[in-house]
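> My file is target-v9.csv. It has CSV, N, CA and C atoms and all ligand atoms:
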```csv
chain,number,residue,atom,x,y,z
D,1,MET,N,0.9,-1.2,0.0
D,1,MET,CA,0.0,0.0,0.0
D,1,MET,C,0.9,1.3,0.0
D,2,GLY,N,0.8,2.1,-1.0
D,2,GLY,CA,1.6,3.3,-1.1
D,2,GLY,C,1.1,4.4,-0.2
D,3,PRO,N,1.9,5.4,-0.1
D,3,PRO,CA,1.5,6.6,0.7
D,3,PRO,C,0.4,7.4,0.2
D,4,PHE,N,0.0,7.1,-1.1
D,4,PHE,CA,-1.0,8.0,-1.7
D,4,PHE,C,-2.5,7.5,-1.4
D,5,LEU,N,-2.6,6.3,-1.1
D,5,LEU,CA,-3.9,5.7,-0.9
D,5,LEU,C,-4.7,6.4,0.3
D,6,PRO,N,-4.0,6.5,1.4
D,6,PRO,CA,-4.8,7.2,2.5
D,6,PRO,C,-5.2,8.6,2.2
D,7,SER,N,-4.4,9.4,1.5
D,7,SER,CA,-4.7,10.7,1.1
D,7,SER,C,-5.8,10.7,0.1
D,8,LEU,N,-5.8,9.8,-0.8
D,8,LEU,CA,-6.9,9.7,-1.8
D,8,LEU,C,-8.2,9.4,-1.1
D,9,ILE,N,-8.2,8.4,-0.2
D,9,ILE,CA,-9.4,8.1,0.6
D,9,ILE,C,-9.9,9.3,1.3
D,10,GLY,N,-9.0,10.0,1.9
D,10,GLY,CA,-9.3,11.3,2.6
D,10,GLY,C,-9.9,12.3,1.7
D,11,ALA,N,-9.4,12.4,0.5
D,11,ALA,CA,-10.0,13.4,-0.4
D,11,ALA,C,-11.4,13.0,-0.8
D,12,ILE,N,-11.6,11.7,-1.0
D,12,ILE,CA,-13.0,11.2,-1.4
D,12,ILE,C,-13.9,11.5,-0.2
D,13,ILE,N,-13.5,11.2,1.0
D,13,ILE,CA,-14.4,11.4,2.1
D,13,ILE,C,-14.7,12.9,2.3
D,14,THR,N,-13.7,13.7,2.0
D,14,THR,CA,-13.9,15.2,2.1
D,14,THR,C,-14.9,15.6,1.1
D,15,ALA,N,-14.8,15.1,-0.1
D,15,ALA,CA,-15.7,15.4,-1.2
D,15,ALA,C,-17.1,15.0,-0.9
D,16,ILE,N,-17.3,13.9,-0.2
D,16,ILE,CA,-18.6,13.4,0.1
D,16,ILE,C,-19.2,14.2,1.3
D,17,VAL,N,-18.4,14.5,2.3
D,17,VAL,CA,-18.8,15.1,3.5
D,17,VAL,C,-19.1,16.6,3.3
D,18,ASN,N,-18.2,17.2,2.5
D,18,ASN,CA,-18.3,18.7,2.3
D,18,ASN,C,-19.4,18.9,1.2
D,19,ARG,N,-20.2,19.9,1.4
D,19,ARG,CA,-21.2,20.2,0.4
D,19,ARG,C,-20.9,21.6,-0.2
D,20,SER,N,-21.0,21.7,-1.5
D,20,SER,CA,-20.8,23.0,-2.1
D,20,SER,C,-22.2,23.7,-2.1
D,21,ARG,N,-22.1,25.0,-2.0
D,21,ARG,CA,-23.3,25.8,-2.0
D,21,ARG,C,-23.1,27.1,-2.8
D,22,ARG,N,-24.1,27.5,-3.5
D,22,ARG,CA,-23.9,28.7,-4.4
D,22,ARG,C,-24.4,29.9,-3.7
D,23,CYS,N,-23.6,30.9,-3.8
D,23,CYS,CA,-24.0,32.2,-3.2
D,23,CYS,C,-25.2,32.8,-4.0
D,24,PRO,N,-26.3,33.1,-3.4
D,24,PRO,CA,-27.4,33.7,-4.1
D,24,PRO,C,-27.2,35.1,-4.6
D,25,SER,N,-26.2,35.7,-4.1
D,25,SER,CA,-25.9,37.1,-4.5
D,25,SER,C,-25.0,37.2,-5.7
D,26,CYS,N,-23.8,36.5,-5.6
D,26,CYS,CA,-22.8,36.6,-6.7
D,26,CYS,C,-22.6,35.4,-7.4
D,27,GLY,N,-23.2,34.2,-7.0
D,27,GLY,CA,-23.1,33.0,-7.7
D,27,GLY,C,-21.8,32.2,-7.5
D,28,ARG,N,-21.0,32.7,-6.6
D,28,ARG,CA,-19.8,31.9,-6.3
D,28,ARG,C,-20.1,30.6,-5.5
D,29,LYS,N,-19.4,29.5,-5.9
D,29,LYS,CA,-19.6,28.3,-5.3
D,29,LYS,C,-18.7,28.2,-4.0
D,30,GLN,N,-19.3,27.8,-2.9
D,30,GLN,CA,-18.6,27.7,-1.7
D,30,GLN,C,-18.6,26.3,-1.2
D,31,THR,N,-17.5,25.8,-0.7
D,31,THR,CA,-17.5,24.5,-0.1
D,31,THR,C,-17.8,24.6,1.4
D,32,ILE,N,-18.8,23.9,1.8
D,32,ILE,CA,-19.3,24.0,3.2
D,32,ILE,C,-18.9,22.8,4.0
D,33,PRO,N,-18.1,23.0,5.1
D,33,PRO,CA,-17.8,21.8,5.9
D,33,PRO,C,-19.0,21.1,6.4
D,34,TYR,N,-18.9,19.8,6.6
D,34,TYR,CA,-20.1,19.0,7.1
D,34,TYR,C,-20.6,19.6,8.4
D,35,SER,N,-19.6,20.0,9.2
D,35,SER,CA,-20.0,20.5,10.6
D,35,SER,C,-20.9,21.8,10.5
D,36,ARG,N,-20.8,22.5,9.3
D,36,ARG,CA,-21.6,23.7,9.2
D,36,ARG,C,-22.7,23.6,8.2
D,37,ARG,N,-23.1,22.4,7.9
D,37,ARG,CA,-24.1,22.2,6.8
D,37,ARG,C,-25.4,22.8,7.2
D,38,ASN,N,-25.8,23.0,8.4
D,38,ASN,CA,-27.0,23.5,8.8
D,38,ASN,C,-26.9,25.0,9.2
D,39,GLU,N,-25.8,25.6,9.0
D,39,GLU,CA,-25.6,27.0,9.4
D,39,GLU,C,-25.5,27.9,8.2
D,40,ARG,N,-25.8,29.1,8.4
D,40,ARG,CA,-25.6,30.1,7.4
D,40,ARG,C,-24.1,30.4,7.3
D,41,VAL,N,-23.6,30.5,6.1
D,41,VAL,CA,-22.1,30.8,5.9
D,41,VAL,C,-22.0,32.1,5.2
D,42,ARG,N,-20.8,32.7,5.3
D,42,ARG,CA,-20.6,34.0,4.7
D,42,ARG,C,-19.8,33.8,3.4
D,43,CYS,N,-20.3,34.4,2.3
D,43,CYS,CA,-19.6,34.3,1.0
D,43,CYS,C,-18.2,34.9,1.1
D,44,ALA,N,-17.3,34.2,0.5
D,44,ALA,CA,-15.9,34.6,0.5
D,44,ALA,C,-15.7,35.8,-0.4
D,45,ARG,N,-16.5,35.9,-1.4
D,45,ARG,CA,-16.3,37.0,-2.4
D,45,ARG,C,-17.1,38.3,-2.0
D,46,CYS,N,-18.4,38.1,-1.8
D,46,CYS,CA,-19.2,39.4,-1.6
D,46,CYS,C,-19.7,39.5,-0.1
D,47,GLY,N,-19.5,38.5,0.7
D,47,GLY,CA,-19.8,38.6,2.1
D,47,GLY,C,-21.3,38.4,2.4
D,48,ALA,N,-22.0,38.0,1.4
D,48,ALA,CA,-23.5,37.8,1.6
D,48,ALA,C,-23.6,36.5,2.5
D,49,SER,N,-24.7,36.4,3.2
D,49,SER,CA,-25.0,35.3,4.0
D,49,SER,C,-25.7,34.2,3.1
D,50,ILE,N,-25.1,33.0,3.1
D,50,ILE,CA,-25.7,31.9,2.3
D,50,ILE,C,-26.5,31.0,3.2
D,51,PRO,N,-27.8,30.9,3.0
D,51,PRO,CA,-28.5,30.0,3.9
D,51,PRO,C,-28.3,28.5,3.6
D,52,PRO,N,-28.5,27.6,4.5
D,52,PRO,CA,-28.4,26.2,4.2
D,52,PRO,C,-29.5,25.7,3.3
D,53,PRO,N,-29.1,24.8,2.4
D,53,PRO,CA,-30.1,24.2,1.5
D,53,PRO,C,-31.2,23.4,2.2
D,54,ARG,N,-32.4,23.3,1.6
D,54,ARG,CA,-33.5,22.6,2.2
D,54,ARG,C,-33.5,21.2,1.6
V,1,ZN,ZN,-21.4,36.0,-2.9
```
Please express the file's structure as structure tokens.
Ligand SMILES: [Zn+2]


Amino acid sequence: MGPFLPSLIGAIITAIVNRSRRCPSCGRKQTIPYSRRNERVRCARCGASIPPPR
């Protein structure tokens, strides 16, 4: 087993767990950590509050 496999698995888990969300104001895609999936997050570009998806 090479050193790349654990990081690959980690990347896959990250992709599944993290959810991307689109800013309603500027349209920028944001990656939301799983722990914040039910919280409003601030857009990195325009600062608008992005509500959690339903
Ligand atoms: Zn925005």

> Quick one: residues within 8 Å of stretch 37-53 of chain D, only N, CA and C atoms counted, chain neighbours fewer than 4 positions away excluded, as a PyMOL selection string?

chain D and resi 19+21-26+28-30+32-33

> Applying 7 Å and only C-alpha atoms, which residues near stretch 16-18 of chain D remain after dropping the ones on its own chain fewer than 2 positions away? List them as an NGL selection string.

:D and (12-14 or 20 or 31-34)

> From chain D, collect each residue whose DSSP state is alpha helix (DSSP H) and return the set as number ranges by chain.

D: 4-17

> Which one of D:Ile9, D:Pro3, D:Arg36, D:Gly27 sits closest to ligand ZN 1 (chain V) if you count only N, CA and C atoms and all ligand atoms?

D:Gly27

> Please compute the atom N of D:Ala11-atom N of D:Ser35 distance, one decimal, in Å.

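Separation between atom N of D:Ala11 and atom N of D:Ser35: 15.4 Å.
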
> What are the DSSP strand (DSSP E or B) residues of chain D, as a list in words?

Arg19, Ser20, Arg21, Arg22, Lys29, Gln30, Thr31, Ile32, Val41, Arg42, Ser49 and Ile50 of chain D
